[in-house]
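The next block is coords.cif, given as mmCIF, C-alpha atoms.
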```cif
data_work
loop_
_atom_site.label_atom_id
_atom_site.label_comp_id
_atom_site.auth_asym_id
_atom_site.auth_seq_id
_atom_site.Cartn_x
_atom_site.Cartn_y
_atom_site.Cartn_z
CA MET V 1 -10.07 114.88 306.57
CA PRO V 2 -7.21 117.38 306.20
CA ALA V 3 -8.08 118.76 302.79
CA ASP V 4 -4.98 120.63 301.77
CA ASP V 5 -5.19 123.81 299.82
CA GLY V 6 -3.43 123.61 296.48
CA ARG V 7 -1.93 127.00 297.23
CA ALA V 8 -0.08 125.46 300.18
CA ASP V 9 2.27 124.03 297.55
CA ALA V 10 4.18 127.28 297.54
CA VAL V 11 6.90 126.95 294.96
CA ARG V 12 9.34 128.76 297.21
CA ASP V 13 9.32 126.14 299.96
CA GLY V 14 10.23 123.48 297.42
CA ALA V 15 7.48 121.11 298.70
CA TRP V 16 6.44 120.37 295.14
CA ARG V 17 9.80 118.68 294.54
CA GLY V 18 9.15 116.02 297.15
CA GLU V 19 5.53 115.66 296.03
CA THR V 20 6.58 115.22 292.40
CA ALA V 21 9.27 112.67 293.21
CA ALA V 22 6.87 110.63 295.36
CA ALA V 23 4.19 110.69 292.67
CA LEU V 24 6.59 109.71 289.90
CA ARG V 25 7.77 106.68 291.91
CA VAL V 26 4.25 105.25 291.93
CA VAL V 27 2.97 106.40 288.54
CA VAL V 28 5.83 105.09 286.40
CA PRO V 29 4.96 101.38 286.87
CA ALA V 30 1.31 102.17 286.06
CA ALA V 31 2.27 104.13 282.94
CA VAL V 32 4.61 101.37 281.73
CA SER V 33 1.91 98.70 282.18
CA MET V 34 -0.47 100.83 280.18
CA VAL V 35 1.78 101.10 277.09
CA PRO V 36 0.73 97.82 275.37
CA PHE V 37 -2.93 98.85 275.67
CA ALA V 38 -2.29 102.32 274.33
CA LEU V 39 -0.52 100.78 271.34
CA LEU V 40 -3.44 98.39 270.82
CA ILE V 41 -6.00 101.22 270.95
CA GLY V 42 -4.01 103.12 268.31
CA PHE V 43 -3.91 100.03 266.13
CA LEU V 44 -7.67 99.45 266.51
CA ALA V 45 -8.32 103.09 265.60
CA ARG V 46 -6.32 102.59 262.41
CA GLN V 47 -8.19 99.36 261.58
CA ASN V 48 -11.49 101.20 261.96
CA GLY V 49 -10.44 103.88 259.50
CA LEU V 50 -9.55 106.71 261.88
CA SER V 51 -6.68 108.95 260.80
CA THR V 52 -3.61 109.46 262.98
CA ALA V 53 -4.89 112.91 263.96
CA GLU V 54 -8.27 111.46 264.92
CA ALA V 55 -6.68 108.70 267.02
CA LEU V 56 -4.53 111.28 268.80
CA LEU V 57 -7.51 113.58 269.34
CA MET V 58 -9.63 110.77 270.80
CA SER V 59 -6.96 109.85 273.33
CA ALA V 60 -6.32 113.47 274.22
CA MET V 61 -10.00 114.40 274.66
CA VAL V 62 -11.57 111.23 276.06
CA PHE V 63 -8.58 109.82 278.01
CA ALA V 64 -10.46 106.69 279.10
CA GLY V 65 -8.95 103.38 278.01
CA SER V 66 -11.86 101.01 278.50
CA ALA V 67 -14.39 103.42 276.96
CA GLN V 68 -12.16 103.99 273.91
CA PHE V 69 -11.62 100.25 273.56
CA VAL V 70 -15.36 99.53 273.53
CA ALA V 71 -16.07 102.53 271.28
CA LEU V 72 -13.62 101.23 268.67
CA ASP V 73 -15.27 97.83 268.97
CA LEU V 74 -18.65 99.42 268.17
CA TRP V 75 -17.24 101.80 265.55
CA SER V 76 -18.96 101.90 262.14
CA TRP V 77 -19.52 104.31 259.26
CA PRO V 78 -21.53 106.54 259.33
CA VAL V 79 -20.33 107.19 262.87
CA PRO V 80 -23.00 106.35 265.50
CA VAL V 81 -22.38 109.48 267.57
CA ALA V 82 -25.21 109.04 270.09
CA SER V 83 -24.52 105.39 270.90
CA LEU V 84 -20.80 106.10 271.26
CA ALA V 85 -21.56 108.87 273.77
CA LEU V 86 -24.00 106.66 275.69
CA THR V 87 -21.47 103.82 275.76
CA ALA V 88 -18.78 106.17 277.07
CA PHE V 89 -21.17 107.33 279.79
CA ILE V 90 -22.14 103.82 280.90
CA ILE V 91 -18.57 102.54 280.93
CA ASN V 92 -17.30 105.59 282.81
CA ALA V 93 -20.22 105.81 285.26
CA ARG V 94 -17.89 104.31 287.91
CA HIS V 95 -16.03 107.64 287.88
CA ILE V 96 -19.07 109.25 289.54
CA LEU V 97 -18.40 107.08 292.60
CA MET V 98 -14.66 107.68 292.34
CA GLY V 99 -15.12 111.46 292.27
CA ALA V 100 -17.44 111.25 295.28
CA ALA V 101 -14.88 109.24 297.23
CA LEU V 102 -12.11 111.67 296.27
CA MET V 103 -14.10 114.79 297.22
CA PRO V 104 -13.14 115.06 300.93
CA HIS V 105 -9.45 114.95 299.96
CA ILE V 106 -9.60 117.69 297.33
CA ALA V 107 -12.33 119.87 298.84
CA GLY V 108 -9.68 122.45 299.75
CA TRP V 109 -8.33 122.83 296.24
CA PRO V 110 -9.42 126.04 294.49
CA LYS V 111 -12.47 125.24 292.36
CA ARG V 112 -10.95 126.74 289.25
CA LEU V 113 -8.18 124.13 289.53
CA ALA V 114 -10.21 121.19 290.91
CA TYR V 115 -12.60 120.99 287.95
CA PRO V 116 -9.87 120.98 285.27
CA ALA V 117 -7.88 118.49 287.40
CA LEU V 118 -10.84 116.09 287.44
CA PHE V 119 -10.55 115.76 283.65
CA PHE V 120 -7.55 113.50 284.37
CA LEU V 121 -9.40 111.20 286.80
CA ALA V 122 -8.58 107.91 285.07
CA ASP V 123 -8.86 104.74 287.20
CA GLU V 124 -5.14 104.57 287.94
CA ILE V 125 -4.85 108.28 288.78
CA TRP V 126 -7.82 107.99 291.11
CA ALA V 127 -6.52 104.82 292.78
CA LEU V 128 -3.02 106.27 293.31
CA SER V 129 -4.55 109.50 294.65
CA MET V 130 -6.67 107.59 297.16
CA ALA V 131 -3.63 105.56 298.20
CA ARG V 132 -1.76 108.81 298.87
CA ALA V 133 -4.70 110.37 300.72
CA GLY V 134 -4.75 107.39 303.09
CA GLY V 135 -1.49 108.55 304.66
CA LYS V 136 -0.87 112.17 303.74
CA PRO V 137 -2.85 115.16 302.47
CA LEU V 138 -3.38 114.90 298.73
CA ARG V 139 -1.78 117.95 297.17
CA LEU V 140 -2.46 119.31 293.73
CA SER V 141 1.24 119.05 292.85
CA TYR V 142 1.20 115.33 293.70
CA TYR V 143 -1.94 114.81 291.61
CA ALA V 144 -0.46 116.75 288.70
CA ALA V 145 2.71 114.67 288.81
CA LEU V 146 0.55 111.53 288.63
CA ALA V 147 -1.62 112.80 285.81
CA ALA V 148 0.92 114.44 283.50
CA PRO V 149 3.17 111.43 282.73
CA PHE V 150 0.18 109.11 282.51
CA TYR V 151 -1.69 111.42 280.13
CA LEU V 152 1.34 112.09 277.91
CA THR V 153 2.18 108.37 277.75
CA TRP V 154 -1.40 107.57 276.79
CA ILE V 155 -1.53 110.11 273.96
CA SER V 156 1.94 109.39 272.56
CA MET V 157 1.58 105.60 272.73
CA THR V 158 -1.87 105.50 271.10
CA THR V 159 -0.46 107.67 268.31
CA LEU V 160 2.56 105.38 268.00
CA GLY V 161 0.22 102.37 267.89
CA HIS V 162 -1.64 103.96 265.00
CA LEU V 163 1.63 104.59 263.15
CA MET V 164 3.01 101.09 263.83
CA GLY V 165 -0.16 99.43 262.65
CA ALA V 166 0.10 95.69 262.14
CA ALA V 167 3.27 95.33 264.23
CA ILE V 168 1.10 95.52 267.40
CA ARG V 169 0.56 92.29 269.37
CA ASP V 170 -2.20 91.36 271.76
CA PRO V 171 -1.12 92.50 275.29
CA ALA V 172 -2.66 89.35 276.80
CA ARG V 173 0.12 87.30 275.11
CA TYR V 174 2.61 88.65 277.61
CA GLY V 175 0.30 88.82 280.58
CA PHE V 176 0.01 92.61 280.39
CA ASP V 177 -3.75 92.35 280.78
CA PHE V 178 -3.07 91.15 284.33
CA ALA V 179 -0.83 94.14 285.14
CA PHE V 180 -3.88 96.32 285.90
CA THR V 181 -5.30 93.72 288.26
CA ALA V 182 -1.88 93.47 289.93
CA ILE V 183 -1.60 97.27 290.31
CA PHE V 184 -5.08 97.48 291.84
CA LEU V 185 -4.27 94.58 294.21
CA VAL V 186 -1.13 96.38 295.39
CA ILE V 187 -3.11 99.59 295.99
CA LEU V 188 -5.81 97.60 297.79
CA SER V 189 -3.24 96.04 300.14
CA GLY V 190 -2.29 99.63 301.06
CA LEU V 191 -5.93 100.51 301.79
CA TRP V 192 -6.30 97.61 304.24
CA ARG V 193 -7.24 98.88 307.72
CA GLY V 194 -8.16 95.63 309.43
CA ARG V 195 -11.57 94.13 310.08
CA SER V 196 -13.57 97.28 309.32
CA THR V 197 -12.38 97.09 305.69
CA LEU V 198 -13.22 93.42 305.36
CA ARG V 199 -17.02 93.58 305.40
CA PRO V 200 -17.46 96.23 302.67
CA TRP V 201 -14.91 94.42 300.50
CA ILE V 202 -16.66 91.07 300.84
CA ALA V 203 -20.01 92.71 300.01
CA SER V 204 -18.43 94.39 297.00
CA ALA V 205 -16.70 91.26 295.69
CA ALA V 206 -19.80 89.08 296.08
CA THR V 207 -22.07 91.66 294.41
CA ALA V 208 -19.61 92.37 291.59
CA VAL V 209 -19.16 88.69 290.72
CA ALA V 210 -22.91 88.03 290.85
CA VAL V 211 -23.75 91.04 288.64
CA TRP V 212 -20.87 90.18 286.30
CA TYR V 213 -22.41 86.74 285.75
CA LEU V 214 -25.97 88.02 285.35
CA VAL V 215 -25.69 91.33 283.45
CA ALA V 216 -23.62 92.08 280.37
CA GLY V 217 -21.56 95.27 280.42
CA PRO V 218 -19.66 97.16 283.11
CA TRP V 219 -22.52 97.35 285.65
CA TYR V 220 -20.73 95.01 288.06
CA ILE V 221 -18.26 97.78 288.97
CA LEU V 222 -21.01 100.22 289.99
CA ALA V 223 -23.01 97.49 291.75
CA GLY V 224 -20.02 96.27 293.77
CA GLY V 225 -18.92 99.80 294.67
CA ILE V 226 -22.40 100.74 295.86
CA ALA V 227 -22.81 97.49 297.84
CA GLY V 228 -19.48 98.07 299.59
CA ALA V 229 -20.32 101.71 300.33
CA PHE V 230 -23.71 100.65 301.71
CA VAL V 231 -22.11 98.22 304.14
CA GLY V 232 -19.54 100.88 305.03
CA GLY V 233 -22.39 103.30 305.76
CA LEU V 234 -24.08 100.75 308.03
CA GLN V 235 -20.99 100.16 310.12
CA GLY V 236 -19.94 103.83 310.25
CA VAL V 237 -16.39 105.16 310.22
CA HIS V 238 -14.15 102.76 312.15
CA ALA V 239 -10.82 103.39 310.52
CA ASP V 240 -11.02 107.15 310.50
CA ASP V 241 -7.37 108.13 310.61
CA ASP V 242 -7.69 111.89 310.64
CA MET R 1 -3.72 114.20 258.92
CA THR R 2 -7.43 114.78 258.36
CA ILE R 3 -10.24 115.11 260.86
CA ASP R 4 -13.70 114.14 259.68
CA PRO R 5 -16.46 116.35 261.19
CA MET R 6 -18.55 113.33 262.23
CA VAL R 7 -15.54 111.70 263.88
CA LEU R 8 -14.85 114.95 265.70
CA ALA R 9 -18.49 115.07 266.83
CA ALA R 10 -18.27 111.50 268.14
CA ILE R 11 -15.01 112.19 269.97
CA ALA R 12 -16.42 115.40 271.47
CA ALA R 13 -19.59 113.58 272.60
CA MET R 14 -17.56 110.78 274.20
CA ALA R 15 -15.29 113.33 275.84
CA GLY R 16 -18.27 115.27 277.22
CA ALA R 17 -19.90 112.11 278.62
CA THR R 18 -16.62 111.03 280.21
CA TYR R 19 -15.88 114.44 281.74
CA PHE R 20 -19.39 114.57 283.16
CA THR R 21 -18.81 111.28 285.03
CA ARG R 22 -15.50 112.59 286.37
CA ILE R 23 -16.93 115.80 287.89
CA ALA R 24 -20.46 114.63 288.84
CA GLY R 25 -19.51 112.77 292.05
CA PHE R 26 -17.31 115.63 293.27
CA TRP R 27 -19.97 118.22 292.41
CA LEU R 28 -22.71 116.25 294.18
CA VAL R 29 -20.88 115.34 297.38
CA ARG R 30 -19.62 118.92 297.81
CA ARG R 31 -23.24 119.92 298.32
CA VAL R 32 -24.07 117.47 301.09
CA ARG R 33 -23.07 117.77 304.70
CA LEU R 34 -20.89 114.80 305.50
CA GLY R 35 -21.44 112.88 308.68
CA GLY R 36 -22.56 109.56 310.13
CA PRO R 37 -23.50 106.92 307.61
CA LEU R 38 -22.47 109.00 304.59
CA SER R 39 -18.91 109.35 305.90
CA GLY R 40 -18.77 105.62 306.50
CA ALA R 41 -20.01 104.98 302.97
CA LEU R 42 -17.47 107.36 301.45
CA ALA R 43 -14.66 105.85 303.52
CA ALA R 44 -15.56 102.36 302.32
CA MET R 45 -15.98 103.41 298.69
CA PRO R 46 -12.39 103.46 297.35
CA GLY R 47 -11.61 99.90 298.45
CA SER R 48 -15.04 98.70 297.39
CA ILE R 49 -14.72 100.12 293.87
CA LEU R 50 -11.26 98.60 293.46
CA VAL R 51 -12.51 95.25 294.74
CA ALA R 52 -15.45 95.39 292.30
CA LEU R 53 -13.14 96.27 289.38
CA ILE R 54 -10.94 93.22 289.86
CA ALA R 55 -13.32 90.70 291.48
CA PRO R 56 -14.42 88.95 288.25
CA THR R 57 -10.81 88.60 287.05
CA VAL R 58 -9.51 87.41 290.41
CA LEU R 59 -12.38 85.13 291.45
CA SER R 60 -14.06 83.78 288.35
CA THR R 61 -11.78 83.87 285.32
CA GLY R 62 -9.58 80.86 286.02
CA PRO R 63 -6.95 79.28 288.29
CA ALA R 64 -4.13 81.26 286.60
CA GLU R 65 -5.65 84.64 287.50
CA THR R 66 -6.66 83.56 291.02
CA GLY R 67 -3.20 82.10 291.67
CA ALA R 68 -1.41 85.15 290.30
CA ALA R 69 -3.60 87.42 292.47
CA LEU R 70 -2.59 85.48 295.59
CA VAL R 71 1.08 85.74 294.61
CA THR R 72 0.70 89.51 294.02
CA ILE R 73 -0.90 90.05 297.44
CA ALA R 74 1.80 87.95 299.16
CA LEU R 75 4.58 89.91 297.42
CA ALA R 76 2.93 93.28 298.13
CA TRP R 77 3.00 92.43 301.85
CA ARG R 78 6.75 93.10 302.19
CA LEU R 79 8.21 94.03 298.81
CA PRO R 80 8.04 97.20 296.64
CA PRO R 81 4.98 97.61 294.35
CA LEU R 82 6.99 97.09 291.16
CA VAL R 83 8.23 93.67 292.36
CA ALA R 84 4.70 92.63 293.32
CA ILE R 85 3.28 93.71 289.95
CA ALA R 86 6.08 92.03 287.96
CA GLY R 87 5.72 88.89 290.08
CA GLY R 88 1.98 88.80 289.47
CA VAL R 89 2.36 89.21 285.71
CA ALA R 90 5.10 86.55 285.55
CA THR R 91 2.92 84.16 287.57
CA VAL R 92 -0.11 84.65 285.31
CA VAL R 93 1.99 83.94 282.21
CA ALA R 94 3.49 80.79 283.80
CA LEU R 95 0.14 79.51 285.10
CA ARG R 96 -1.65 80.16 281.81
CA ALA R 97 1.04 78.14 280.02
CA LEU R 98 0.64 75.31 282.55
CA THR R 99 -3.17 75.24 282.62
CA GLY R 100 -3.63 75.87 278.89
#
```

Whole structure given in structure tokens:
Amino acid sequence: MPADDGRADAVRDGAWRGETAAALRVVVPAAVSMVPFALLIGFLARQNGLSTAEALLMSAMVFAGSAQFVALDLWSWPVPVASLALTAFIINARHILMGAALMPHIAGWPKRLAYPALFFLADEIWALSMARAGGKPLRLSYYAALAAPFYLTWISMTTLGHLMGAAIRDPARYGFDFAFTAIFLVILSGLWRGRSTLRPWIASAATAVAVWYLVAGPWYILAGGIAGAFVGGLQGVHADDD
Amino acid sequence: MTIDPMVLAAIAAMAGATYFTRIAGFWLVRRVRLGGPLSGALAAMPGSILVALIAPTVLSTGPAETGAALVTIALAWRLPPLVAIAGGVATVVALRALTG
């Protein structure tokens, strides 16, 4: 894979402009769809007795929607620090696979920039990065232009949700809960490379649904991802486009 | 605007656990020589994780979600992402109203 050095984004050649514009085009719909959830998380933080500053701090430091959602569901006083950390780990364990899959595309980034950049590896940022890497080298400037608006929207909207309080409605009322599924389906249609993609995806879907039925919690994501990767490993690289 | 020390500890612990998951895969795979089956597995991983994320919603939540997923895929075939996403959300709202 052509892992592009972040330093290749020399400011003088203006490449970052094109990268930024391209990233903004794809990240804006994702950020807009996320707003109702950010507002809801802020509201739930308020209901559980967190101050505005604490709600803001949680979004800024954790930056993981589903983990924050479940943490606020489990929240009690005194604060169960260890179980909250364990829950965050289990829910976010899928990011281990995501980081592994992203590695070949960012291997050329300077390490001192790659590790801080990975802080922002939310599902949507990862998915949009992989979609980009399917066609072009993934540059740090592109990744940054994905992460910055998404991160700032997340923090500001969870804070706003905390301030608005009871005015927040359930996102599912307006179908916003489906927006994430729709975004991921659109990204998936871009990852389609013909028959070689089909077998891992079928293995993943079948495993995920089975585990989802049998085991409570987010294990179905890991199980499906591993099953798909296993089948991909068996059939080797067919759609290698570099 | 107060920050309770225990709340701060909980947030820091959650943040540490989350950051660990985000760097662990990158850290690990950097240290292995890629080739053969491992490359195939890594190539299949992005699609497989996305499929796993949405499979329960798309396949076993209800006819509204399955129908809206099909509409989204059909729209994504030729139209811009935003149209496909909006079309999918509109379809799920309409189908949920129809199917109760």

Please provide as a PDB file with C-alpha atoms, in the coordinates of the input all residues within 6 Å of segment 70-87 of chain R, with the sequence filter that same-chain residues fewer than 3 positions apart are discarded (counting all atoms listed in the file).
```pdb
ATOM      1  CA  ALA V 182      -1.880  93.470 289.930  1.00  0.00           C
ATOM      2  CA  VAL V 186      -1.130  96.380 295.390  1.00  0.00           C
TER       3      VAL V 186
ATOM      4  CA  GLY R  67      -3.200  82.100 291.670  1.00  0.00           C
ATOM      5  CA  ALA R  90       5.100  86.550 285.550  1.00  0.00           C
TER       6      ALA R  90
END
```

message: as a PyMOL selection string, could you give me every residue of chain V near chain R (at most 6 Å apart, counting only C-alpha atoms)?
response: chain V and resi 53-54+58+61-62+81+85+88-89+93+95-97+99-101+103+118-119+175+178-179+181-182+186+201+204-205+208-209+221+224-225+228-230+232-233+236-237

Residue subset to file, keeping C-alpha atoms, as an mmCIF file, keeping the file's coordinate frame:
```cif
data_model
loop_
_atom_site.group_PDB
_atom_site.id
_atom_site.type_symbol
_atom_site.label_atom_id
_atom_site.label_comp_id
_atom_site.auth_asym_id
_atom_site.auth_seq_id
_atom_site.Cartn_x
_atom_site.Cartn_y
_atom_site.Cartn_z
ATOM 1 C CA ALA V 53 -4.890 112.910 263.960
ATOM 2 C CA GLU V 54 -8.270 111.460 264.920
ATOM 3 C CA MET V 58 -9.630 110.770 270.800
ATOM 4 C CA MET V 61 -10.000 114.400 274.660
ATOM 5 C CA VAL V 62 -11.570 111.230 276.060
ATOM 6 C CA VAL V 81 -22.380 109.480 267.570
ATOM 7 C CA ALA V 85 -21.560 108.870 273.770
ATOM 8 C CA ALA V 88 -18.780 106.170 277.070
ATOM 9 C CA PHE V 89 -21.170 107.330 279.790
ATOM 10 C CA ALA V 93 -20.220 105.810 285.260
ATOM 11 C CA HIS V 95 -16.030 107.640 287.880
ATOM 12 C CA ILE V 96 -19.070 109.250 289.540
ATOM 13 C CA LEU V 97 -18.400 107.080 292.600
ATOM 14 C CA GLY V 99 -15.120 111.460 292.270
ATOM 15 C CA ALA V 100 -17.440 111.250 295.280
ATOM 16 C CA ALA V 101 -14.880 109.240 297.230
ATOM 17 C CA MET V 103 -14.100 114.790 297.220
ATOM 18 C CA LEU V 118 -10.840 116.090 287.440
ATOM 19 C CA PHE V 119 -10.550 115.760 283.650
ATOM 20 C CA GLY V 175 0.300 88.820 280.580
ATOM 21 C CA PHE V 178 -3.070 91.150 284.330
ATOM 22 C CA ALA V 179 -0.830 94.140 285.140
ATOM 23 C CA THR V 181 -5.300 93.720 288.260
ATOM 24 C CA ALA V 182 -1.880 93.470 289.930
ATOM 25 C CA VAL V 186 -1.130 96.380 295.390
ATOM 26 C CA TRP V 201 -14.910 94.420 300.500
ATOM 27 C CA SER V 204 -18.430 94.390 297.000
ATOM 28 C CA ALA V 205 -16.700 91.260 295.690
ATOM 29 C CA ALA V 208 -19.610 92.370 291.590
ATOM 30 C CA VAL V 209 -19.160 88.690 290.720
ATOM 31 C CA ILE V 221 -18.260 97.780 288.970
ATOM 32 C CA GLY V 224 -20.020 96.270 293.770
ATOM 33 C CA GLY V 225 -18.920 99.800 294.670
ATOM 34 C CA GLY V 228 -19.480 98.070 299.590
ATOM 35 C CA ALA V 229 -20.320 101.710 300.330
ATOM 36 C CA PHE V 230 -23.710 100.650 301.710
ATOM 37 C CA GLY V 232 -19.540 100.880 305.030
ATOM 38 C CA GLY V 233 -22.390 103.300 305.760
ATOM 39 C CA GLY V 236 -19.940 103.830 310.250
ATOM 40 C CA VAL V 237 -16.390 105.160 310.220
#
```

- request: Quick one: pull the distance between atom CA of Ser141 of chain V and atom CA of Gly18 of chain V, Å, one decimal.
  value: 9.5 Å

Can you tell me which residues surround Phe150 of chain V at a distance of at most 10 Å, considering all atoms listed in the file, apart from same-chain residues fewer than 5 positions away, and format the answer as a short mmCIF file (atom, residue, chain, number, x, y, z; two decimals) with C-alpha atoms, keeping the file's coordinate frame?
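Result saved to around-v1.cif:
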```
data_model
loop_
_atom_site.label_atom_id
_atom_site.label_comp_id
_atom_site.auth_asym_id
_atom_site.auth_seq_id
_atom_site.Cartn_x
_atom_site.Cartn_y
_atom_site.Cartn_z
CA LEU V 24 6.59 109.71 289.90
CA VAL V 27 2.97 106.40 288.54
CA VAL V 28 5.83 105.09 286.40
CA ALA V 30 1.31 102.17 286.06
CA ALA V 31 2.27 104.13 282.94
CA VAL V 32 4.61 101.37 281.73
CA MET V 34 -0.47 100.83 280.18
CA VAL V 35 1.78 101.10 277.09
CA PHE V 63 -8.58 109.82 278.01
CA PHE V 120 -7.55 113.50 284.37
CA ALA V 122 -8.58 107.91 285.07
CA GLU V 124 -5.14 104.57 287.94
CA ILE V 125 -4.85 108.28 288.78
CA ALA V 144 -0.46 116.75 288.70
CA ALA V 145 2.71 114.67 288.81
CA ILE V 155 -1.53 110.11 273.96
#
```

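Take atom CA of Ile183 of chain V and atom CA of Leu98 of chain R: the distance between them is 23.4 Å.
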
query: Distance atom CA of Leu222 of chain V-atom CA of Ala206 of chain V, one decimal place?
result: 12.8 Å

Around all of segment 159-167 of chain V's listed atoms, make the axis-aligned box with 6 Å on each side and tell me centre and edge lengths in Å to one decimal, as lines of an AutoDock Vina configuration file.
```
center_x = 0.8
center_y = 101.5
center_z = 265.2
size_x = 16.9
size_y = 24.3
size_z = 18.2
```

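Nearest to Ser196 of chain V of all the residues V:Ala172, V:Ala60, V:Leu163, V:Leu234 is V:Leu234, counting only C-alpha atoms.
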
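Here the question is which of V:His162, V:Pro110, V:Gly49, V:Gly217 gets nearest to Ala67 of chain V using only C-alpha atoms, and that residue is V:Gly217.
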
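Excluding Trp75 of chain V itself and any same-chain residue fewer than 3 positions from it, the protein and nucleic acid residues within 10 Å of it, counting all atoms listed in the file, are Leu44, Ala45, Asn48, Gly49, Leu50, Phe69, Val70, Ala71, Leu72, Pro78, Val79, Pro80, Val81, Ser83 and Leu84 of chain V.
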
Residue subset to file, keeping C-alpha atoms, as a compact mmCIF listing (two decimals), keeping the file's coordinate frame:
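Result written to again_34.txt:
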```txt
# COMPACT_ATOMS: atom_id res chain seq x y z
CA LEU V 44 -7.67 99.45 266.51
CA ALA V 45 -8.32 103.09 265.60
CA ASN V 48 -11.49 101.20 261.96
CA GLY V 49 -10.44 103.88 259.50
CA LEU V 50 -9.55 106.71 261.88
CA PHE V 69 -11.62 100.25 273.56
CA VAL V 70 -15.36 99.53 273.53
CA ALA V 71 -16.07 102.53 271.28
CA LEU V 72 -13.62 101.23 268.67
CA PRO V 78 -21.53 106.54 259.33
CA VAL V 79 -20.33 107.19 262.87
CA PRO V 80 -23.00 106.35 265.50
CA VAL V 81 -22.38 109.48 267.57
CA SER V 83 -24.52 105.39 270.90
CA LEU V 84 -20.80 106.10 271.26
```

message: Can you pull out the residues contacting Ala131 of chain V? Cut-off 8 Å, using all atoms listed in the file, and skip same-chain residues under 6 positions away; I want them as a PyMOL selection string.
response: chain V and resi 187+190-191

- request: With the file shown as input, list the residues that the PyMOL selection byres ((chain V and resi 161) around 8) selects, as number ranges by chain.
  value: V: 38-43, 157-160, 162-165, 168
